[in-house]
file protein14.cif (mmCIF, C-alpha atoms and all ligand atoms)
data_protein
#
loop_
_atom_site.label_atom_id
_atom_site.label_comp_id
_atom_site.auth_asym_id
_atom_site.auth_seq_id
_atom_site.Cartn_x
_atom_site.Cartn_y
_atom_site.Cartn_z
CA MET A 165 0.00 0.00 0.00
CA GLN A 166 1.46 3.36 -1.00
CA GLU A 167 0.37 6.82 0.06
CA ASN A 168 0.09 10.01 -1.97
CA PHE A 169 0.86 8.04 -5.09
CA SER A 170 1.26 9.47 -8.60
CA LEU A 171 -1.15 7.91 -11.11
CA LYS A 172 0.65 9.41 -14.10
CA PRO A 173 2.00 6.05 -15.33
CA TYR A 174 -1.43 4.45 -14.81
CA ASN A 175 -3.53 6.56 -17.20
CA THR A 176 -2.93 6.65 -20.95
CA PHE A 177 -3.58 10.42 -21.07
CA GLY A 178 -0.39 10.66 -18.99
CA VAL A 179 -1.82 13.35 -16.73
CA GLU A 180 -0.53 13.93 -13.22
CA ALA A 181 -2.97 13.14 -10.41
CA LYS A 182 -2.34 11.67 -6.99
CA ALA A 183 -4.23 8.92 -5.22
CA LYS A 184 -4.38 9.15 -1.42
CA TYR A 185 -3.68 5.40 -1.35
CA PHE A 186 -2.62 2.98 -4.08
CA VAL A 187 -2.23 -0.77 -4.18
CA GLU A 188 -1.65 -3.31 -6.94
CA VAL A 189 -3.44 -6.64 -6.51
CA ASN A 190 -2.46 -9.92 -8.17
CA ASN A 191 -5.18 -12.22 -6.87
CA ILE A 192 -8.62 -12.25 -5.25
CA ASP A 193 -7.28 -12.49 -1.69
CA GLU A 194 -5.18 -9.36 -2.16
CA LEU A 195 -8.18 -7.65 -3.70
CA LYS A 196 -10.39 -8.55 -0.73
CA GLU A 197 -7.72 -7.33 1.68
CA ALA A 198 -7.62 -3.98 -0.14
CA LEU A 199 -11.41 -3.77 -0.05
CA ASN A 200 -11.45 -4.41 3.69
CA PHE A 201 -8.93 -1.61 4.18
CA SER A 202 -11.07 0.82 2.18
CA LYS A 203 -14.16 -0.20 4.15
CA ALA A 204 -12.43 0.27 7.49
CA GLN A 205 -11.25 3.76 6.48
CA SER A 206 -14.45 4.64 4.53
CA LEU A 207 -12.38 5.38 1.42
CA PRO A 208 -13.88 5.78 -2.04
CA LEU A 209 -12.53 3.25 -4.57
CA LEU A 210 -11.01 3.64 -8.00
CA PHE A 211 -10.28 0.49 -10.02
CA LEU A 212 -7.52 0.77 -12.58
CA GLY A 213 -7.26 -1.58 -15.54
CA GLY A 214 -5.13 -0.38 -18.43
CA GLY A 215 -6.04 3.24 -17.62
CA SER A 216 -7.06 3.77 -21.23
CA ASN A 217 -10.60 5.02 -20.72
CA ILE A 218 -10.28 7.43 -17.81
CA LEU A 219 -9.56 11.09 -17.42
CA LEU A 220 -8.19 12.02 -14.01
CA ALA A 221 -9.57 15.53 -13.72
CA LYS A 222 -8.27 15.95 -10.14
CA ASP A 223 -6.47 14.10 -7.34
CA PHE A 224 -8.29 11.04 -6.04
CA ASP A 225 -9.00 11.17 -2.32
CA GLY A 226 -9.41 7.43 -1.83
CA LEU A 227 -7.89 4.03 -2.59
CA ALA A 228 -6.85 3.31 -6.19
CA ILE A 229 -6.59 -0.42 -6.87
CA LYS A 230 -4.61 -1.58 -9.88
CA LEU A 231 -6.02 -4.92 -11.02
CA SER A 232 -3.16 -7.17 -12.12
CA LEU A 233 -4.76 -10.62 -12.00
CA LYS A 234 -3.11 -12.67 -14.76
CA GLY A 235 -3.71 -15.94 -16.59
CA ILE A 236 -5.35 -17.43 -19.67
CA SER A 237 -7.04 -20.83 -19.86
CA GLU A 238 -9.03 -22.63 -22.51
CA LYS A 239 -11.54 -25.39 -22.96
CA ILE A 240 -12.42 -27.08 -26.25
CA VAL A 241 -16.18 -27.45 -26.37
CA GLY A 242 -17.00 -28.61 -29.89
CA GLU A 243 -15.65 -29.36 -33.35
CA ASN A 244 -15.18 -25.72 -34.09
CA GLU A 245 -15.51 -24.00 -30.72
CA VAL A 246 -13.16 -23.10 -27.94
CA LEU A 247 -13.87 -21.18 -24.75
CA VAL A 248 -10.98 -18.95 -23.75
CA THR A 249 -10.91 -17.31 -20.34
CA ALA A 250 -8.57 -14.45 -19.50
CA LYS A 251 -8.12 -12.77 -16.14
CA ALA A 252 -8.85 -9.07 -15.78
CA GLY A 253 -5.25 -7.86 -15.73
CA GLU A 254 -4.27 -9.38 -19.08
CA ASN A 255 -3.45 -6.74 -21.68
CA TRP A 256 -6.19 -6.79 -24.34
CA HIS A 257 -3.99 -6.75 -27.43
CA GLN A 258 -1.58 -9.37 -26.03
CA PHE A 259 -4.63 -11.55 -25.42
CA VAL A 260 -5.81 -11.03 -29.02
CA LEU A 261 -2.32 -11.98 -30.29
CA TYR A 262 -2.28 -15.08 -28.06
CA CYS A 263 -5.57 -16.23 -29.64
CA LEU A 264 -4.37 -15.45 -33.18
CA GLU A 265 -1.23 -17.48 -32.59
CA LYS A 266 -3.39 -20.46 -31.70
CA ASN A 267 -5.55 -19.67 -34.75
CA TYR A 268 -8.63 -18.99 -32.61
CA GLY A 269 -10.98 -16.63 -34.46
CA GLY A 270 -13.35 -13.92 -33.26
CA LEU A 271 -11.12 -11.24 -31.77
CA GLU A 272 -9.14 -10.22 -34.86
CA ASN A 273 -11.22 -7.10 -35.66
CA LEU A 274 -10.54 -5.92 -32.10
CA SER A 275 -6.75 -5.89 -32.53
CA LEU A 276 -4.71 -3.11 -30.95
CA ILE A 277 -7.45 -1.71 -28.72
CA PRO A 278 -5.71 -0.29 -25.66
CA GLY A 279 -6.67 -1.49 -22.19
CA ASN A 280 -7.09 -4.76 -20.33
CA VAL A 281 -9.41 -7.73 -20.63
CA GLY A 282 -11.21 -6.87 -17.39
CA THR A 283 -12.49 -3.56 -18.66
CA SER A 284 -13.56 -4.84 -22.08
CA PRO A 285 -17.13 -5.69 -20.96
CA MET A 286 -17.64 -2.37 -19.17
CA GLN A 287 -18.14 -0.47 -22.39
CA ASN A 288 -18.59 -3.44 -24.73
CA ILE A 289 -15.46 -2.47 -26.65
CA GLY A 290 -15.93 -2.46 -30.38
CA ALA A 291 -14.17 -1.64 -33.62
CA TYR A 292 -14.26 -2.48 -37.33
CA GLY A 293 -17.57 -4.30 -37.30
CA THR A 294 -17.18 -6.35 -34.08
CA GLU A 295 -18.17 -5.74 -30.47
CA ILE A 296 -17.19 -8.06 -27.63
CA LYS A 297 -20.85 -8.98 -27.14
CA ASP A 298 -20.51 -10.97 -30.42
CA ILE A 299 -18.09 -13.48 -28.82
CA PHE A 300 -18.77 -12.96 -25.11
CA VAL A 301 -19.88 -15.93 -22.98
CA ASP A 302 -19.72 -14.62 -19.41
CA CYS A 303 -17.60 -12.88 -16.82
CA ASN A 304 -16.88 -13.58 -13.16
CA VAL A 305 -17.28 -10.55 -10.96
CA LEU A 306 -16.73 -9.82 -7.29
CA ASN A 307 -19.74 -8.26 -5.65
CA LEU A 308 -18.27 -5.40 -3.61
CA GLU A 309 -20.99 -5.55 -0.98
CA THR A 310 -21.12 -9.29 -0.30
CA LEU A 311 -17.56 -10.14 -1.46
CA GLU A 312 -19.11 -13.15 -3.24
CA ILE A 313 -18.23 -14.11 -6.80
CA GLU A 314 -21.11 -13.89 -9.28
CA ILE A 315 -21.38 -14.88 -12.92
CA PHE A 316 -22.77 -12.42 -15.45
CA ASP A 317 -23.81 -13.97 -18.77
CA LEU A 318 -24.54 -12.16 -22.02
CA GLU A 319 -28.11 -11.31 -21.07
CA LYS A 320 -27.25 -10.09 -17.60
CA CYS A 321 -24.55 -7.76 -18.97
CA LYS A 322 -27.15 -5.80 -21.01
CA PHE A 323 -24.63 -4.80 -23.66
CA GLY A 324 -25.36 -1.83 -25.91
CA TYR A 325 -23.23 0.48 -28.02
CA ARG A 326 -20.27 1.32 -25.73
CA ASP A 327 -22.54 0.35 -22.84
CA SER A 328 -23.31 -2.39 -20.28
CA ILE A 329 -24.87 -2.94 -16.87
CA PHE A 330 -21.46 -2.03 -15.39
CA LYS A 331 -21.93 1.58 -16.55
CA LYS A 332 -25.54 1.76 -15.38
CA GLU A 333 -27.28 0.09 -12.43
CA GLY A 334 -24.17 -2.05 -11.75
CA LYS A 335 -21.84 0.95 -11.63
CA GLY A 336 -19.47 0.80 -8.65
CA ARG A 337 -20.98 -2.48 -7.42
CA TYR A 338 -18.77 -5.10 -9.06
CA VAL A 339 -15.18 -5.76 -10.06
CA ILE A 340 -14.70 -7.89 -13.15
CA LEU A 341 -12.24 -10.70 -12.38
CA GLU A 342 -12.15 -12.72 -15.60
CA VAL A 343 -13.92 -12.90 -18.93
CA THR A 344 -14.74 -15.92 -21.14
CA PHE A 345 -15.09 -15.70 -24.91
CA LYS A 346 -16.38 -18.26 -27.41
CA LEU A 347 -13.97 -18.44 -30.36
CA THR A 348 -13.76 -20.54 -33.52
CA LYS A 349 -11.04 -23.14 -34.21
CA GLU A 350 -11.18 -23.58 -37.96
CA ASN A 351 -14.18 -22.26 -39.84
CA HIS A 352 -13.72 -18.64 -38.94
CA HIS A 353 -16.31 -16.00 -39.56
CA ILE A 354 -14.27 -13.45 -41.48
CA LYS A 355 -15.69 -9.92 -41.17
CA THR A 356 -14.52 -7.52 -43.83
CA GLU A 357 -17.71 -5.50 -44.29
CA TYR A 358 -16.28 -2.47 -42.50
CA GLY A 359 -15.20 -0.31 -45.46
CA ALA A 360 -11.65 0.44 -44.46
CA ILE A 361 -10.82 -3.25 -43.99
CA LYS A 362 -11.77 -4.16 -47.55
CA SER A 363 -9.65 -1.42 -49.07
CA GLU A 364 -6.73 -2.19 -46.74
CA LEU A 365 -6.81 -5.88 -47.81
CA ALA A 366 -7.12 -4.87 -51.47
CA ASN A 367 -4.05 -2.64 -51.09
CA SER A 368 -2.08 -5.65 -49.86
CA GLY A 369 -3.45 -7.83 -52.69
CA ILE A 370 -5.21 -10.23 -50.31
CA GLU A 371 -8.34 -11.90 -51.67
CA ASN A 372 -9.08 -14.67 -49.19
CA PRO A 373 -8.00 -13.21 -45.86
CA THR A 374 -7.16 -15.30 -42.82
CA ILE A 375 -7.94 -14.02 -39.31
CA GLN A 376 -4.27 -13.04 -39.09
CA ASP A 377 -4.63 -10.95 -42.27
CA ILE A 378 -7.68 -9.21 -40.80
CA SER A 379 -5.75 -8.44 -37.64
CA LYS A 380 -2.86 -6.96 -39.65
CA ALA A 381 -5.28 -4.85 -41.70
CA VAL A 382 -6.94 -3.52 -38.54
CA ILE A 383 -3.54 -2.77 -36.98
CA ASN A 384 -2.51 -0.85 -40.12
CA ILE A 385 -5.72 1.18 -40.17
CA ARG A 386 -5.52 1.99 -36.48
CA GLN A 387 -1.86 2.94 -36.67
CA SER A 388 -2.51 5.23 -39.62
CA LYS A 389 -5.04 7.38 -37.80
CA LEU A 390 -5.00 6.74 -34.07
CA PRO A 391 -2.14 8.06 -31.94
CA ASP A 392 -0.17 5.51 -29.91
CA PRO A 393 -0.76 6.35 -26.22
CA LYS A 394 2.86 5.40 -25.50
CA GLU A 395 3.92 8.34 -27.67
CA ILE A 396 1.06 10.84 -27.30
CA GLY A 397 -1.27 10.71 -24.31
CA ASN A 398 -4.87 9.92 -25.30
CA ALA A 399 -7.79 7.67 -24.46
CA GLY A 400 -9.04 6.71 -27.92
CA SER A 401 -12.42 8.10 -28.87
CA PHE A 402 -13.26 10.75 -26.30
CA PHE A 403 -16.95 10.90 -27.22
CA LYS A 404 -19.57 8.38 -28.28
CA ASN A 405 -21.10 8.61 -31.72
CA PRO A 406 -24.48 10.22 -31.00
CA THR A 407 -27.74 8.57 -32.02
CA ILE A 408 -30.44 11.01 -33.11
CA PRO A 409 -34.06 10.57 -34.27
CA LEU A 410 -34.46 10.07 -38.04
CA GLN A 411 -36.55 13.24 -38.32
CA GLN A 412 -33.83 15.36 -36.68
CA TYR A 413 -31.30 13.81 -39.10
CA GLU A 414 -33.47 14.63 -42.10
CA ASP A 415 -33.89 18.22 -40.92
CA LEU A 416 -30.12 18.54 -40.52
CA LYS A 417 -29.58 17.06 -43.98
CA GLN A 418 -31.58 19.95 -45.45
CA LYS A 419 -29.10 22.37 -43.97
CA PHE A 420 -25.88 20.32 -44.07
CA GLU A 421 -26.15 18.10 -47.11
CA ASN A 422 -22.83 16.31 -46.48
CA ILE A 423 -23.79 15.12 -43.02
CA GLN A 424 -22.96 11.44 -42.54
CA GLY A 425 -25.18 8.92 -40.77
CA TYR A 426 -25.78 5.22 -40.29
CA PRO A 427 -29.55 4.57 -40.08
CA ASN A 428 -30.77 2.17 -37.42
CA GLY A 429 -34.57 1.88 -37.30
CA ASP A 430 -36.09 5.22 -36.33
CA PHE A 431 -32.67 6.53 -35.37
CA VAL A 432 -29.46 7.51 -37.09
CA LYS A 433 -25.95 7.23 -35.66
CA VAL A 434 -23.91 10.24 -36.68
CA PRO A 435 -20.09 10.06 -36.55
CA ALA A 436 -18.94 12.41 -33.81
CA GLY A 437 -15.58 12.74 -35.61
CA TRP A 438 -17.36 14.32 -38.56
CA LEU A 439 -19.36 16.74 -36.37
CA ILE A 440 -16.22 17.78 -34.49
CA GLU A 441 -14.19 18.23 -37.68
CA GLN A 442 -16.96 20.28 -39.32
CA SER A 443 -17.10 22.47 -36.22
CA GLY A 444 -13.49 23.39 -36.88
CA TRP A 445 -11.74 21.35 -34.19
CA LYS A 446 -9.71 18.79 -36.13
CA GLY A 447 -6.02 19.32 -35.32
CA LYS A 448 -6.81 22.40 -33.24
CA GLN A 449 -4.67 22.97 -30.13
CA ILE A 450 -5.39 25.10 -27.09
CA GLY A 451 -2.56 25.22 -24.57
CA ASN A 452 -1.41 21.65 -23.98
CA VAL A 453 -4.46 19.92 -25.46
CA ALA A 454 -5.51 19.20 -29.03
CA SER A 455 -7.91 17.27 -31.19
CA HIS A 456 -5.92 14.71 -33.19
CA LYS A 457 -5.06 15.79 -36.72
CA PHE A 458 -6.12 12.46 -38.31
CA GLN A 459 -9.15 11.65 -36.13
CA ALA A 460 -10.99 14.56 -34.54
CA LEU A 461 -12.77 12.27 -32.07
CA VAL A 462 -9.50 11.65 -30.23
CA ILE A 463 -8.33 14.30 -27.77
CA ILE A 464 -4.59 14.29 -27.12
CA ASN A 465 -2.22 15.50 -24.43
CA ALA A 466 -0.28 17.33 -27.14
CA THR A 467 2.68 18.57 -25.10
CA GLY A 468 2.67 15.83 -22.47
CA ASN A 469 2.07 18.50 -19.83
CA ALA A 470 -1.72 18.77 -19.93
CA THR A 471 -3.69 18.57 -16.72
CA GLY A 472 -6.87 16.55 -16.50
CA LYS A 473 -8.84 19.74 -15.97
CA GLU A 474 -7.43 21.29 -19.16
CA ILE A 475 -8.47 18.20 -21.15
CA PHE A 476 -11.90 18.26 -19.54
CA ASP A 477 -12.38 21.95 -20.32
CA PHE A 478 -11.26 21.38 -23.93
CA SER A 479 -13.86 18.61 -24.28
CA THR A 480 -16.54 20.94 -22.89
CA GLU A 481 -15.68 23.52 -25.55
CA ILE A 482 -16.08 20.87 -28.26
CA ILE A 483 -19.45 19.82 -26.82
CA ASN A 484 -20.61 23.44 -26.78
CA SER A 485 -19.61 24.22 -30.34
CA VAL A 486 -21.11 21.01 -31.81
CA LYS A 487 -24.31 21.74 -29.86
CA GLU A 488 -24.41 25.28 -31.19
CA LYS A 489 -23.88 24.29 -34.82
CA TYR A 490 -25.87 21.04 -35.05
CA GLY A 491 -28.11 20.98 -31.96
CA ILE A 492 -26.57 17.60 -31.02
CA GLU A 493 -25.19 17.08 -27.51
CA LEU A 494 -22.10 14.87 -27.56
CA GLU A 495 -21.68 12.45 -24.68
CA ARG A 496 -18.23 11.65 -23.28
CA GLU A 497 -17.16 8.04 -23.67
CA VAL A 498 -14.19 8.41 -21.34
CA ASN A 499 -14.91 8.12 -17.60
CA ILE A 500 -14.19 11.36 -15.78
CA ILE A 501 -12.73 10.79 -12.31
N1 LIG A 601 -14.77 11.29 -39.59
C1 LIG A 601 -14.56 12.60 -39.99
N2 LIG A 601 -13.58 13.31 -39.35
C2 LIG A 601 -12.80 12.78 -38.39
C3 LIG A 601 -13.02 11.46 -37.99
C4 LIG A 601 -14.02 10.72 -38.60
O1 LIG A 601 -15.23 13.11 -40.85
O2 LIG A 601 -11.92 13.49 -37.90
C5 LIG A 601 -15.78 10.50 -40.29
C6 LIG A 601 -15.08 9.49 -41.19
O3 LIG A 601 -14.85 10.02 -42.44
C7 LIG A 601 -16.03 8.33 -41.25
C8 LIG A 601 -16.78 8.43 -39.95
O4 LIG A 601 -16.53 9.71 -39.38
O5 LIG A 601 -16.91 8.45 -42.31
C9 LIG A 601 -16.41 7.33 -38.99
O6 LIG A 601 -15.04 7.40 -38.71
P1 LIG A 601 -14.18 6.13 -38.25
O7 LIG A 601 -14.37 5.00 -39.20
O8 LIG A 601 -12.80 6.59 -37.98
O9 LIG A 601 -14.87 5.63 -36.93
P2 LIG A 601 -15.46 6.44 -35.68
O10 LIG A 601 -16.95 6.29 -35.73
O11 LIG A 601 -14.91 7.80 -35.61
C10 LIG A 601 -15.54 4.33 -34.14
C11 LIG A 601 -15.12 3.98 -32.75
C12 LIG A 601 -13.63 3.70 -32.68
C13 LIG A 601 -13.33 2.55 -33.63
C14 LIG A 601 -13.78 2.93 -35.03
C15 LIG A 601 -13.63 1.80 -36.02
C16 LIG A 601 -16.68 5.16 -31.32
C17 LIG A 601 -16.89 6.28 -30.35
N3 LIG A 601 -15.46 5.06 -31.84
O12 LIG A 601 -14.90 5.56 -34.48
O13 LIG A 601 -13.32 3.29 -31.36
O14 LIG A 601 -11.95 2.22 -33.63
O15 LIG A 601 -15.19 3.28 -35.02
O16 LIG A 601 -14.61 0.83 -35.81
O17 LIG A 601 -17.61 4.38 -31.57
C18 LIG A 601 -12.53 3.98 -29.22
O18 LIG A 601 -13.61 3.65 -28.77
O19 LIG A 601 -11.62 4.44 -28.49
C19 LIG A 601 -12.28 3.86 -30.66
C20 LIG A 601 -11.15 4.28 -31.22
#
call {"tool": "encode", "arguments": {"input": "protein14.cif", "output": "structure tokens", "more": "lines below"}}
Ligand code: EPU
result
Amino acid sequence: MQENFSLKPYNTFGVEAKAKYFVEVNNIDELKEALNFSKAQSLPLLFLGGGSNILLAKDFDGLAIKLSLKGISEKIVGENEVLVTAKAGENWHQFVLYCLEKNYGGLENLSLIPGNVGTSPMQNIGAYGTEIKDIFVDCNVLNLETLEIEIFDLEKCKFGYRDSIFKKEGKGRYVILEVTFKLTKENHHIKTEYGAIKSELANSGIENPTIQDISKAVINIRQSKLPDPKEIGNAGSFFKNPTIPLQQYEDLKQKFENIQGYPNGDFVKVPAGWLIEQSGWKGKQIGNVASHKFQALVIINATGNATGKEIFDFSTEIINSVKEKYGIELEREVNII
């Protein structure tokens, strides 16, 4: 247990913020011990996974627990199916690579997403035509009140776009300990429908892609437009893509004929990156903070010296100007602490 501990290395924005107490736990017993300490001292809790979806807007006056439970196991369940379980502290991309090496399919479109396995269900991570709900079986969680382990299956997790029970009624009540995915062994379901993947494969002259080819294509696309948090502090998409009623979209189309949208029933999902770019923010820098020059949806710690508050204020300015121009209120995807 450490006191007055800098969380700078534990958040991918790379902002300075101190936790009153900090502890890294490697197993459930250590986790329970930490929880007992926080209970005895009435300390608020902050769970840290890969630190890739949080913005530390100020110091944290409680106990920060870094979840470092490690291990991967697997169980063959059918001709073409394997269940792979990874503990919360496994790095997401390393886990994807592990599965690709064994030729297990299902995770390839989710290559190179920052963060750890344990946080993947929280916001139902997704990219390039796949969300984890597509291959998710269940996760084991620790109930923070009873300290009992519970199992949450697909239905119980209530996954939605960048959403789950863990962000709603389950918020602050559970810690995810391990996650099980159902993957394919041979007859893989290759997903190339996401536009950029097709053109990336075509550029490399690949006609019948393997899951490894898909992974490489996704890695190339991501590296070409998303900043590497090891080099420039960021937390991926800062905002969610907003969903607006069809009528509102049609009204906007009258005024802004280039507006983009993906219809979904009576609603349309509008790319936040487009709205932000059209509001003049792409590549714009104020002080230490900027919107990324290749993907406006990503806010970066441009100089490495940004504070969490500066980043938060920058995001508020983006929200205000998109609201003013389009009447759409962007919602932050990143958790503000
Ligand atoms: N766009 C712009 N300007 C920009 C950025 C995007 O006009 O600066 C337009 C693009 O031209 C494109 C559309 O917006 O037509 C969508 O862009 P893109 O394909 O880059 O995807 P996105 O909707 O911006 C989402 C996820 C990403 C994920 C990609 C690929 C959200 C909030 N973000 O971004 O996830 O990698 O799709 O599937 O849903 C993340 O969550 O951290 C993340 C990076």
call {"tool": "residues_near_ligand", "arguments": {"input": "protein14.cif", "ligand": "ligand LIG 601 (chain A)", "cutoff": "9 Å", "atoms": "only C-alpha atoms and all ligand atoms", "output": "VMD selection string"}}
result
chain A and resid 216 to 217 273 to 274 277 to 278 287 289 to 294 325 to 326 358 to 360 382 385 to 386 389 to 390 399 to 406 424 to 425 434 to 442 445 to 447 455 to 462 496 to 498
call {"tool": "residues_around", "arguments": {"input": "protein14.cif", "residues": "Glu272 in chain A", "least_positions_apart": "2", "cutoff": "9 Å", "atoms": "all atoms listed in the file", "output": "short mmCIF file (atom, residue, chain, number, x, y, z; two decimals) with C-alpha atoms, in the coordinates of the input"}}
result
data_model
loop_
_atom_site.label_atom_id
_atom_site.label_comp_id
_atom_site.auth_asym_id
_atom_site.auth_seq_id
_atom_site.Cartn_x
_atom_site.Cartn_y
_atom_site.Cartn_z
CA VAL A 260 -5.81 -11.03 -29.02
CA LEU A 261 -2.32 -11.98 -30.29
CA CYS A 263 -5.57 -16.23 -29.64
CA LEU A 264 -4.37 -15.45 -33.18
CA GLY A 269 -10.98 -16.63 -34.46
CA GLY A 270 -13.35 -13.92 -33.26
CA LEU A 274 -10.54 -5.92 -32.10
CA SER A 275 -6.75 -5.89 -32.53
CA THR A 294 -17.18 -6.35 -34.08
CA ILE A 354 -14.27 -13.45 -41.48
CA ILE A 375 -7.94 -14.02 -39.31
CA GLN A 376 -4.27 -13.04 -39.09
CA ASP A 377 -4.63 -10.95 -42.27
CA ILE A 378 -7.68 -9.21 -40.80
CA SER A 379 -5.75 -8.44 -37.64
CA LYS A 380 -2.86 -6.96 -39.65
CA VAL A 382 -6.94 -3.52 -38.54
#
call {"tool": "atom_distance", "arguments": {"input": "protein14.cif", "atom1": "CA of Leu494 in chain A", "atom2": "CA of Cys321 in chain A"}}
result
24.3 Å
call {"tool": "residues_around", "arguments": {"input": "protein14.cif", "residues": "range 186-193 of chain A", "least_positions_apart": "4", "cutoff": "7 Å", "atoms": "all atoms listed in the file", "output": "MDAnalysis selection string"}}
result
chainID A and resid 165:167 169 197 227:233
call {"tool": "closest_residue", "arguments": {"input": "protein14.cif", "among": "A:Glu371, A:Glu493, A:Glu342, A:Glu364", "to": "Asn304 in chain A", "atoms": "all atoms listed in the file"}}
result
A:Glu342
call {"tool": "residues_around", "arguments": {"input": "protein14.cif", "residues": "Ile464 in chain A", "least_positions_apart": "4", "cutoff": "9 Å", "atoms": "only C-alpha atoms", "output": "ChimeraX atom specification"}}
result
/A:177,391,393,396-400,452-456,468,470,475
call {"tool": "closest_residue", "arguments": {"input": "protein14.cif", "among": "A:Asn499, A:Asn244, A:Thr407, A:Thr480", "to": "His352 in chain A", "atoms": "all atoms listed in the file"}}
result
A:Asn244
call {"tool": "atom_distance", "arguments": {"input": "protein14.cif", "atom1": "CA of Gly215 in chain A", "atom2": "CA of Gly279 in chain A"}}
result
6.6 Å
